[in-house]
>>> print(open('upload.txt').read())   # compact mmCIF, C-alpha atoms
# COMPACT_ATOMS: atom_id res chain seq x y z
CA MET A 86 0.00 0.00 0.00
CA VAL A 87 1.44 3.41 -0.95
CA PRO A 88 0.33 6.99 -0.18
CA GLY A 89 -2.42 8.25 -2.38
CA GLU A 90 -3.28 4.76 -3.62
CA ASP A 91 -6.96 4.15 -4.26
CA ILE A 92 -8.38 0.80 -3.22
CA GLN A 93 -11.65 -0.02 -4.96
CA TYR A 94 -14.14 -2.42 -3.37
CA GLN A 95 -17.55 -2.51 -5.06
CA ASP A 96 -19.05 0.99 -4.47
CA TRP A 97 -16.59 1.93 -1.71
CA GLU A 98 -13.29 3.81 -2.21
CA PHE A 99 -10.52 3.78 0.39
CA MET A 100 -7.61 6.23 0.02
CA VAL A 101 -4.45 6.29 2.16
CA THR A 102 -3.78 9.95 2.97
CA THR A 103 -0.88 9.85 5.46
CA PRO A 104 2.65 9.53 3.99
CA PRO A 105 5.03 6.81 5.16
CA SER A 106 7.77 7.45 7.66
CA SER A 107 11.11 8.85 6.64
CA SER A 108 12.76 5.56 7.51
CA GLY A 109 11.52 3.97 4.32
CA SER A 110 8.52 3.11 2.27
CA HIS A 111 6.88 0.94 4.97
CA TRP A 112 4.67 1.96 7.86
CA THR A 113 6.19 1.94 11.34
CA ALA A 114 4.62 1.84 14.78
CA SER A 115 5.14 5.60 15.13
CA ASP A 116 3.11 6.41 12.03
CA SER A 117 -0.56 7.28 12.38
CA PRO A 118 -2.05 6.45 9.00
CA SER A 119 -5.40 7.97 8.22
CA PHE A 120 -7.94 7.06 5.58
CA ALA A 121 -10.49 8.89 3.52
CA VAL A 122 -13.52 6.73 2.77
CA THR A 123 -16.12 7.68 0.20
CA SER A 124 -19.18 5.98 -1.16
CA PRO A 125 -22.21 7.19 -3.12
CA ASN A 126 -24.08 7.84 0.15
CA LEU A 127 -21.38 8.40 2.76
CA THR A 128 -18.13 10.29 3.24
CA PHE A 129 -15.87 9.67 6.23
CA ASP A 130 -12.48 11.18 7.01
CA SER A 131 -10.59 9.71 9.94
CA THR A 132 -8.74 12.99 10.48
CA ALA A 133 -11.93 14.98 11.09
CA PRO A 134 -11.99 16.35 14.67
CA MET A 135 -14.49 15.04 17.19
CA ALA A 136 -16.83 17.55 18.83
CA ASP A 137 -15.02 18.93 21.86
CA ASN A 138 -17.83 21.10 23.15
CA ILE A 139 -21.19 19.46 23.81
CA ALA A 140 -23.94 21.89 24.63
CA PRO A 141 -25.79 20.98 27.89
CA ASN A 142 -29.45 20.10 27.46
CA GLU A 143 -32.14 19.67 30.08
CA PRO A 144 -33.92 16.29 29.46
CA THR A 145 -37.42 17.71 29.29
CA ASN A 146 -38.60 15.68 26.28
CA VAL A 147 -37.16 12.27 27.15
CA LYS A 148 -38.81 9.45 29.08
CA ILE A 149 -37.54 6.24 30.56
CA VAL A 150 -38.65 3.00 28.88
CA GLU A 151 -39.32 0.94 31.97
CA ASN A 152 -38.90 -2.47 30.35
CA TRP A 153 -35.42 -1.54 29.21
CA TRP A 154 -34.23 0.43 32.22
CA SER A 155 -32.96 -2.28 34.50
CA GLU A 156 -31.53 -1.57 37.90
CA ASN A 157 -27.91 -2.52 38.41
CA THR A 158 -28.21 -6.04 39.77
CA GLY A 159 -24.51 -6.74 39.26
CA PHE A 160 -23.19 -10.19 38.56
CA VAL A 161 -24.36 -13.64 39.50
CA ILE A 162 -22.14 -16.67 40.06
CA LEU A 163 -23.34 -20.12 39.00
CA GLU A 164 -21.76 -23.38 40.07
CA ALA A 165 -21.77 -26.86 38.50
CA GLU A 166 -19.54 -29.72 39.63
CA GLY A 167 -17.31 -27.31 41.54
CA ARG A 168 -16.82 -25.02 38.53
CA LEU A 169 -17.89 -21.39 38.79
CA PHE A 170 -19.37 -19.20 36.04
CA LYS A 171 -19.80 -15.44 36.41
CA MET A 172 -22.29 -13.51 34.29
CA LEU A 173 -24.52 -10.44 34.42
CA ALA A 174 -27.48 -11.24 36.63
CA THR A 175 -29.85 -9.18 34.48
CA LEU A 176 -29.21 -11.38 31.45
CA PHE A 177 -30.25 -14.59 33.21
CA LEU A 178 -33.07 -12.91 35.13
CA ARG A 179 -34.72 -11.62 31.94
CA LYS A 180 -34.49 -14.95 30.13
CA SER A 181 -35.38 -17.39 32.91
CA PRO A 182 -38.44 -17.06 35.18
CA VAL A 183 -37.16 -20.11 37.06
CA PHE A 184 -33.87 -18.41 37.92
CA LYS A 185 -35.68 -15.18 38.80
CA ALA A 186 -37.81 -17.07 41.30
CA ALA A 187 -34.69 -18.61 42.85
CA TYR A 188 -32.90 -15.24 42.84
CA ASP A 189 -35.84 -13.54 44.56
CA GLY A 190 -36.11 -16.34 47.11
CA SER A 191 -39.63 -17.32 46.09
CA PRO A 192 -41.00 -20.24 48.14
CA THR A 193 -42.53 -21.68 44.95
CA SER A 194 -39.22 -21.76 43.09
CA PRO A 195 -38.58 -25.16 41.42
CA PRO A 196 -35.79 -27.12 43.19
CA VAL A 197 -33.19 -26.73 40.44
CA PHE A 198 -30.89 -24.25 42.22
CA CYS A 199 -29.22 -24.30 45.63
CA LYS A 200 -28.31 -20.87 46.98
CA LYS A 201 -25.23 -20.75 49.20
CA ILE A 202 -22.61 -18.32 50.50
CA TYR A 203 -18.84 -18.77 50.30
CA VAL A 204 -16.82 -17.14 53.10
CA GLY A 205 -13.15 -17.12 54.11
CA SER A 206 -9.95 -15.70 52.69
CA GLY A 207 -7.83 -18.50 51.28
CA SER A 208 -9.67 -19.63 48.18
CA GLU A 209 -9.13 -18.27 44.68
CA ILE A 210 -12.73 -17.12 44.36
CA ILE A 211 -12.64 -15.12 47.61
CA GLN A 212 -9.38 -13.48 46.57
CA LYS A 213 -10.93 -12.44 43.24
CA THR A 214 -13.73 -10.69 45.13
CA GLN A 215 -11.32 -8.83 47.44
CA GLY A 216 -12.21 -10.94 50.43
CA LYS A 217 -15.95 -10.34 50.24
CA ASP A 218 -18.41 -13.14 50.93
CA ILE A 219 -20.09 -14.23 47.71
CA ILE A 220 -23.48 -15.70 46.92
CA VAL A 221 -23.46 -18.67 44.56
CA PHE A 222 -26.34 -20.49 42.85
CA GLU A 223 -25.49 -24.16 42.42
CA MET A 224 -27.09 -25.73 39.33
CA LEU A 225 -28.39 -29.04 40.67
CA ASP A 226 -27.95 -32.24 38.61
CA VAL A 227 -25.99 -30.35 35.96
CA THR A 228 -22.48 -31.17 34.74
CA ALA A 229 -19.82 -28.51 34.32
CA LYS A 230 -19.75 -29.13 30.58
CA GLU A 231 -23.51 -28.67 30.29
CA ALA A 232 -23.33 -25.46 32.31
CA GLU A 233 -20.50 -24.11 30.17
CA GLU A 234 -22.41 -24.67 26.93
CA PHE A 235 -25.56 -23.12 28.39
CA VAL A 236 -23.83 -20.02 29.77
CA HIS A 237 -22.00 -19.56 26.47
CA ALA A 238 -25.30 -19.75 24.59
CA LEU A 239 -26.83 -17.12 26.90
CA LEU A 240 -23.92 -14.74 26.51
CA ASP A 241 -23.47 -15.21 22.77
CA PRO A 242 -26.60 -15.90 20.67
CA GLU A 243 -24.45 -16.98 17.73
CA HIS A 244 -22.81 -19.75 19.76
CA PHE A 245 -25.94 -21.88 19.56
CA ASP A 246 -28.06 -20.90 16.60
CA ARG A 247 -30.91 -22.59 14.76
CA PRO A 248 -30.39 -24.90 11.78
CA PRO A 249 -28.76 -25.05 9.31
CA LYS A 250 -25.84 -24.27 11.66
CA LYS A 251 -24.00 -27.51 12.45
CA GLU A 252 -23.87 -28.59 16.09
CA LYS A 253 -22.63 -31.52 18.15
CA PHE A 254 -25.32 -33.83 19.48
CA GLU A 255 -23.96 -33.53 23.03
CA VAL A 256 -24.18 -29.73 22.88
CA ILE A 257 -27.77 -29.85 21.62
CA LEU A 258 -28.75 -32.19 24.46
CA ALA A 259 -27.05 -29.94 27.04
CA ILE A 260 -28.84 -26.81 25.79
CA PHE A 261 -32.17 -28.63 25.53
CA LYS A 262 -31.84 -29.95 29.08
CA LEU A 263 -30.94 -26.66 30.78
CA ALA A 264 -33.18 -24.47 28.64
CA SER A 265 -36.08 -26.75 29.58
CA LEU A 266 -35.16 -26.78 33.28
CA TYR A 267 -34.86 -22.99 33.47
CA GLU A 268 -37.59 -22.18 30.91
CA VAL A 269 -35.32 -20.27 28.56
CA ASN A 270 -37.73 -20.84 25.72
CA TYR A 271 -35.83 -19.44 22.75
CA LEU A 272 -32.87 -21.75 23.45
CA ARG A 273 -35.23 -24.67 23.97
CA ARG A 274 -36.86 -24.00 20.59
CA ASN A 275 -33.44 -23.79 18.93
CA ALA A 276 -32.44 -27.15 20.39
CA LEU A 277 -35.70 -28.78 19.33
CA ALA A 278 -35.29 -27.40 15.81
CA HIS A 279 -32.01 -29.32 15.57
CA LEU A 280 -33.46 -32.51 17.04
CA GLU A 281 -36.50 -32.50 14.75
CA LEU A 282 -34.34 -32.76 11.64
CA ALA A 283 -32.91 -36.09 12.81
CA TYR A 284 -36.04 -37.31 14.64
CA PRO A 285 -38.93 -36.01 12.51
CA CYS A 286 -42.64 -36.23 13.32
CA THR A 287 -43.72 -35.22 9.81
CA ASN A 288 -43.53 -37.99 7.23
CA ILE A 289 -41.46 -40.93 6.06
CA GLU A 290 -39.76 -38.81 3.38
CA ASP A 291 -38.21 -36.64 6.09
CA TRP A 292 -37.08 -39.77 7.91
CA ASP A 293 -35.48 -41.11 4.73
CA SER A 294 -33.53 -37.89 4.25
CA ARG A 295 -32.52 -37.40 7.90
CA GLU A 296 -28.82 -37.99 7.22
CA GLN A 297 -28.79 -35.13 4.69
CA ARG A 298 -31.02 -32.81 6.72
CA SER A 299 -29.58 -33.33 10.20
CA THR A 300 -27.18 -30.77 11.67
CA PHE A 301 -25.27 -33.49 13.54
CA SER A 302 -24.09 -36.97 12.64
CA VAL A 303 -26.75 -39.68 12.75
CA ASP A 304 -24.38 -42.42 11.59
CA ARG A 305 -24.67 -45.28 14.06
CA SER A 306 -23.25 -48.11 11.92
CA ALA A 307 -19.73 -48.09 13.34
CA GLU A 308 -20.93 -48.03 16.93
CA PHE A 309 -22.96 -51.22 17.14
CA TYR A 310 -19.97 -53.45 17.69
CA GLN A 311 -18.46 -51.57 20.62
CA THR A 312 -19.05 -52.85 24.13
CA ILE A 313 -20.95 -49.73 25.18
CA PRO A 314 -21.52 -47.43 22.19
CA HIS A 315 -21.40 -43.76 23.13
CA THR A 316 -24.15 -43.11 20.62
CA LEU A 317 -26.44 -45.43 22.61
CA THR A 318 -25.73 -43.28 25.65
CA ASN A 319 -26.82 -40.23 23.66
CA THR A 320 -29.98 -41.99 22.46
CA PHE A 321 -30.85 -42.95 26.03
CA SER A 322 -30.24 -39.35 27.16
CA LEU A 323 -32.42 -37.99 24.37
CA ILE A 324 -35.29 -40.31 25.33
CA GLU A 325 -34.96 -39.37 29.02
CA LEU A 326 -34.94 -35.64 28.29
CA CYS A 327 -37.88 -35.79 25.89
CA MET A 328 -39.89 -37.80 28.42
CA ALA A 329 -39.01 -35.42 31.26
CA HIS A 330 -39.65 -32.21 29.31
CA ARG A 331 -42.67 -33.28 27.24
CA ALA A 332 -41.08 -33.24 23.79
CA PHE A 333 -43.07 -36.38 23.04
CA TRP A 334 -43.13 -35.86 19.25
CA ILE A 335 -39.37 -36.66 19.16
CA LEU A 336 -39.85 -40.00 20.91
CA PRO A 337 -41.18 -42.35 18.17
CA ALA A 338 -38.10 -41.85 15.99
CA ALA A 339 -35.81 -41.90 19.06
CA PHE A 340 -37.25 -45.20 20.34
CA TYR A 341 -37.02 -46.63 16.82
CA GLU A 342 -33.32 -45.72 16.69
CA CYS A 343 -32.78 -47.19 20.16
CA CYS A 344 -34.32 -50.53 19.18
CA LEU A 345 -31.89 -50.84 16.26
CA TYR A 346 -29.13 -51.63 18.75
CA ASN A 347 -28.52 -55.25 19.59
CA VAL A 348 -30.30 -56.35 22.74
CA ASP A 349 -27.08 -57.37 24.49
CA LYS A 350 -25.62 -53.87 23.95
CA ILE A 351 -28.67 -52.33 25.60
CA LEU A 352 -28.80 -54.75 28.51
CA GLU A 353 -25.13 -54.33 29.40
CA HIS A 354 -25.28 -50.53 29.29
CA PRO A 355 -24.88 -49.00 32.80
CA LYS A 356 -28.11 -47.00 32.43
CA TRP A 357 -29.96 -50.29 32.01
CA ALA A 358 -27.91 -52.74 34.08
CA GLU A 359 -27.24 -50.66 37.18
CA CYS A 360 -29.79 -49.61 39.77
CA ASN A 361 -29.00 -46.04 40.79
CA ASP A 362 -30.23 -42.49 40.30
CA ASP A 363 -28.80 -42.44 36.77
CA SER A 364 -30.64 -45.57 35.63
CA LEU A 365 -33.42 -45.56 33.06
CA LEU A 366 -36.92 -45.24 34.44
CA PRO A 367 -38.99 -48.46 34.38
CA ALA A 368 -41.48 -46.77 32.02
CA ILE A 369 -38.70 -46.17 29.47
CA LYS A 370 -37.40 -49.73 29.79
CA ASN A 371 -40.91 -51.09 29.23
CA LYS A 372 -41.31 -49.04 26.05
CA ILE A 373 -37.97 -50.28 24.71
CA ILE A 374 -38.84 -53.94 25.41
CA THR A 375 -42.27 -53.53 23.83
CA GLY A 376 -40.68 -51.70 20.92
CA PHE A 377 -38.25 -54.53 20.24
CA ILE A 378 -41.04 -57.05 19.93
CA SER A 379 -43.20 -54.70 17.85
CA GLN A 380 -40.39 -53.80 15.46
CA LYS A 381 -39.74 -57.44 14.64
CA GLU A 382 -43.43 -57.89 13.88
CA GLU A 383 -43.50 -54.71 11.80
CA THR A 384 -40.49 -55.91 9.81
CA SER A 385 -42.44 -59.01 8.76
CA ARG A 386 -45.34 -56.83 7.65
CA VAL A 387 -43.13 -54.48 5.61
CA LEU A 388 -41.55 -57.50 3.90
CA SER A 389 -44.87 -59.18 3.14
CA PHE A 390 -44.49 -58.19 -0.52
CA LEU A 391 -42.10 -61.14 -0.68
CA HIS A 392 -44.87 -63.67 -0.08
CA VAL A 393 -48.25 -62.07 -0.92
CA SER A 394 -50.01 -63.17 -4.09
CA LEU A 395 -49.21 -61.13 -7.17
CA PRO A 396 -51.16 -60.96 -10.43
CA GLN A 397 -50.14 -63.67 -12.89
CA CYS A 398 -47.32 -62.82 -15.26
CA ASN A 399 -45.63 -64.71 -18.11
CA SER A 400 -42.96 -66.05 -15.72
CA SER A 401 -44.86 -66.30 -12.43
CA ARG A 402 -43.01 -69.39 -11.25
CA LYS A 403 -39.59 -67.79 -11.65
CA CYS A 404 -40.68 -64.51 -10.10
CA ASN A 405 -42.14 -66.33 -7.08
CA GLU A 406 -38.97 -68.37 -6.64
CA ILE A 407 -36.91 -65.17 -6.63
CA ARG A 408 -39.10 -63.67 -3.93
CA GLN A 409 -39.02 -66.83 -1.80
CA GLY A 410 -35.25 -67.00 -2.11
CA GLU A 411 -34.85 -63.43 -0.91
CA LEU A 412 -37.22 -64.04 2.00
CA ALA A 413 -35.11 -67.00 3.11
CA ASN A 414 -31.95 -64.95 2.61
CA ILE A 415 -33.18 -62.25 4.99
CA TYR A 416 -33.90 -64.58 7.90
CA ILE A 417 -31.24 -67.26 7.34
CA THR A 418 -28.25 -65.99 5.40
CA ARG A 419 -27.87 -62.36 6.45
CA GLY A 420 -27.75 -62.88 10.17
CA ASN A 421 -27.64 -59.13 10.71
CA LYS A 422 -30.01 -58.47 13.59
CA ARG A 423 -29.83 -54.72 13.30
CA ARG A 424 -30.66 -54.72 9.60
CA ASP A 425 -33.60 -57.04 10.22
CA MET A 426 -35.00 -54.57 12.80
CA ASP A 427 -34.67 -51.55 10.49
CA PHE A 428 -37.98 -52.00 8.69
CA LEU A 429 -37.99 -48.33 7.59
CA GLY A 430 -34.53 -48.59 6.08
CA THR A 431 -31.88 -51.22 5.55
CA VAL A 432 -34.07 -54.32 5.87
CA TRP A 433 -34.79 -53.71 2.18
CA ASP A 434 -32.94 -51.10 0.18
CA LYS A 435 -31.90 -50.18 -3.35
CA GLY A 436 -29.35 -52.98 -3.56
CA ASP A 437 -32.07 -55.55 -2.98
CA TRP A 438 -34.14 -54.19 -5.85
CA ASP A 439 -31.09 -54.41 -8.09
CA GLU A 440 -30.72 -58.08 -7.15
CA PHE A 441 -34.32 -58.73 -8.17
CA GLY A 442 -33.59 -57.36 -11.62
CA GLU A 443 -30.29 -59.24 -11.94
CA GLN A 444 -32.02 -62.52 -11.08
CA GLY A 445 -34.50 -62.03 -13.90
CA MET A 446 -37.71 -60.87 -12.21
CA CYS A 447 -40.11 -59.48 -14.78
CA GLY A 448 -40.90 -55.78 -14.91
CA GLN A 449 -44.53 -56.27 -13.92
CA CYS A 450 -43.72 -58.18 -10.72
CA LEU A 451 -40.86 -55.83 -9.86
CA SER A 452 -43.17 -52.84 -10.18
CA MET A 453 -45.85 -54.52 -8.04
CA CYS A 454 -43.31 -55.41 -5.34
CA ARG A 455 -42.05 -51.84 -5.23
CA SER A 456 -45.59 -50.52 -4.88
CA TYR A 457 -46.48 -52.96 -2.09
CA HIS A 458 -43.23 -52.22 -0.24
CA ASN A 459 -43.73 -48.47 -0.45
CA ASN A 460 -47.30 -48.72 0.84
CA PHE A 461 -46.24 -51.01 3.69
CA ARG A 462 -43.46 -48.55 4.70
CA VAL A 463 -45.88 -45.61 4.75
CA ASP A 464 -48.31 -47.61 6.89
CA ALA A 465 -45.47 -48.62 9.19
CA TRP A 466 -44.44 -44.98 9.63
CA GLU A 467 -47.99 -43.94 10.48
CA ASN A 468 -48.12 -46.78 12.98
CA LEU A 469 -44.74 -45.99 14.55
CA PRO A 470 -45.88 -44.18 17.75
CA SER A 471 -48.17 -47.06 18.71
CA LEU A 472 -45.20 -49.46 18.78
CA TYR A 473 -43.97 -47.67 21.91
CA ASP A 474 -47.39 -46.95 23.43
CA LEU A 475 -47.31 -43.26 22.45
CA PRO A 476 -50.12 -41.02 21.15
CA ASP A 477 -50.70 -40.99 17.38
CA TRP A 478 -48.84 -38.62 15.07
CA ASP A 479 -51.69 -36.10 14.83
CA SER A 480 -51.79 -35.71 18.60
CA LEU A 481 -48.01 -35.43 18.80
CA ARG A 482 -47.90 -32.81 16.05
CA GLU A 483 -50.61 -30.81 17.81
CA LEU A 484 -48.53 -30.86 20.99
CA ARG A 485 -45.51 -29.73 19.02
CA SER A 486 -47.42 -26.78 17.51
CA HIS A 487 -48.44 -25.66 20.98
CA VAL A 488 -44.97 -25.98 22.52
CA MET A 489 -43.07 -24.33 19.68
CA LYS A 490 -45.20 -21.18 19.92
CA TYR A 491 -43.58 -20.18 23.22
>>> encode(input="upload.txt", output="structure tokens")
Amino acid sequence: MVPGEDIQYQDWEFMVTTPPSSSGSHWTASDSPSFAVTSPNLTFDSTAPMADNIAPNEPTNVKIVENWWSENTGFVILEAEGRLFKMLATLFLRKSPVFKAAYDGSPTSPPVFCKKIYVGSGSEIIQKTQGKDIIVFEMLDVTAKEAEEFVHALLDPEHFDRPPKKEKFEVILAIFKLASLYEVNYLRRNALAHLELAYPCTNIEDWDSREQRSTFSVDRSAEFYQTIPHTLTNTFSLIELCMAHRAFWILPAAFYECCLYNVDKILEHPKWAECNDDSLLPAIKNKIITGFISQKEETSRVLSFLHVSLPQCNSSRKCNEIRQGELANIYITRGNKRRDMDFLGTVWDKGDWDEFGEQGMCGQCLSMCRSYHNNFRVDAWENLPSLYDLPDWDSLRELRSHVMKY
């Protein structure tokens, strides 16, 4: 860049107006370069003096906007797992009626905070407050990582935005959990918007395209052979949170995903095997067991195009033999329990249709099989909530419409 050089950028023009130092043709720390900026609607010169004399005015025609004239409430300190987070109290008070009730000491405040006072002189936190006693609100049943993500989302709206912004599943669950606990509704809606792309309540087409639409990875294939898949932990957590915070429209797809795991992986998971405060509720376990049985039955129904009667064709015997062979292949040769449970997906996919054609099935029978299979899948999707003893889709979508308004 040299003095007097014009830099064009679209409709803007930047011009360096201060010469370089005498030491050479490059700027030095002692130089104070200034710029003249012009555009069709604006002219700005960085060398123009600021107003030194401001005339005093009596505020006779101004009024306070009460909703946006908060008193100085200072800072609030939150604690989770021994980690402390400091933020402006006003920010949390405005967003969370639950925290406001705890802050005001309301006797009807939900038991999600524990108010305590730290005293003494030796700790780091006391030293940072010049020896003053401090009031801390402990976030009960919240991990430090969950608290960190939540506080970050409160302080910076762009940290946790709505889709299509990509997010980690663990972060979405953390925000959903705390936003639900503290009734920070805009963050709760943002989290649900992410979850709905991977666990839709709309139609089977949205389920089929979930991998492309989701803002986080829904690939579970590599996790089914680990002793305790971390993705199973996330699925359990999602089911627990949706049950606890009434996001029931997420549950059919979440239970379906859960039941794709092998039974032994589920039974050996600590949330299932151990009896403690972190264990799955009996109601959730019952739905998973019922779902396993129902999904196997639904798989047979979706695959019934392999054995139902088809209109006669010129090579009916061959076409029927092909179908019977594939039916036997599914239950005998494949031996893939997860694939056999995935009646909405991999139990029968594009590769299977290609095999039909390669084996010589006629076009008429192939078309009929495709039609039957598609109809059976649509019926299975509509029937999905009932497999886990949940309300039907219409009721769940009505609940969603009500919740997402607030």
>>> closest_atom_pairs(input="upload.txt", of="stretch 264-325 of chain A", to="stretch 367-391 of chain A", cutoff="12 Å", atoms="only C-alpha atoms", output="CSV")
residue,atom,partner,partner_atom,distance
A:Thr320,CA,A:Ile373,CA,11.7
A:Phe321,CA,A:Ile369,CA,9.2
A:Ser322,CA,A:Ile369,CA,11.1
A:Leu323,CA,A:Ile369,CA,11.5
A:Ile324,CA,A:Ile369,CA,7.9
A:Glu325,CA,A:Ile369,CA,7.8
>>> closest_residue(input="upload.txt", among="A:Leu412, A:Asp291, A:Ala278, A:Lys356", to="A:His315", atoms="all atoms listed in the file")
A:Lys356
>>> atom_distance(input="upload.txt", atom1="atom CA of A:Asn414", atom2="atom CA of A:Lys435")
15.9 Å
>>> atom_distance(input="upload.txt", atom1="atom CA of A:Leu475", atom2="atom CA of A:Leu258")
21.7 Å
>>> atom_distance(input="upload.txt", atom1="atom CA of A:Ala264", atom2="atom CA of A:Phe235")
7.7 Å
>>> residues_around(input="upload.txt", residues="stretch 194-198 of chain A", least_positions_apart="5", cutoff="7 Å", atoms="only C-alpha atoms", output="PDB file with C-alpha atoms, in the frame of the given file")
ATOM      1  CA  VAL A 183     -37.160 -20.110  37.060  1.00  0.00           C
ATOM      2  CA  ALA A 186     -37.810 -17.070  41.300  1.00  0.00           C
ATOM      3  CA  ALA A 187     -34.690 -18.610  42.850  1.00  0.00           C
ATOM      4  CA  PHE A 222     -26.340 -20.490  42.850  1.00  0.00           C
ATOM      5  CA  GLU A 223     -25.490 -24.160  42.420  1.00  0.00           C
ATOM      6  CA  MET A 224     -27.090 -25.730  39.330  1.00  0.00           C
ATOM      7  CA  LEU A 225     -28.390 -29.040  40.670  1.00  0.00           C
TER       8      LEU A 225
END
>>> closest_residue(input="upload.txt", among="A:Gly159, A:Pro285, A:Gly430, A:Pro337", to="A:Phe177", atoms="all atoms listed in the file")
A:Gly159
>>> residues_around(input="upload.txt", residues="A:Leu176", least_positions_apart="6", cutoff="10 Å", atoms="only C-alpha atoms", output="ChimeraX atom specification")
/A:158,160-161,239-240
>>> residues_near_point(input="upload.txt", point="(-35.8, -27.1, 17.1)", cutoff="10 Å", atoms="all atoms listed in the file", output="list in words")
Asp246, Arg247, Pro248, Ile257, Phe261, Tyr271, Leu272, Arg273, Arg274, Asn275, Ala276, Leu277, Ala278, His279, Leu280, Glu281, Leu282 and Met489 of chain A
>>> closest_residue(input="upload.txt", among="A:Ser302, A:Phe340, A:Lys230, A:Phe184", to="A:Cys199", atoms="all atoms listed in the file")
A:Phe184
>>> residues_around(input="upload.txt", residues="A:Val221", least_positions_apart="6", cutoff="12 Å", atoms="all atoms listed in the file", output="MDAnalysis selection string")
chainID A and resid 160:165 167:172 174 187:188 198:204 210:211
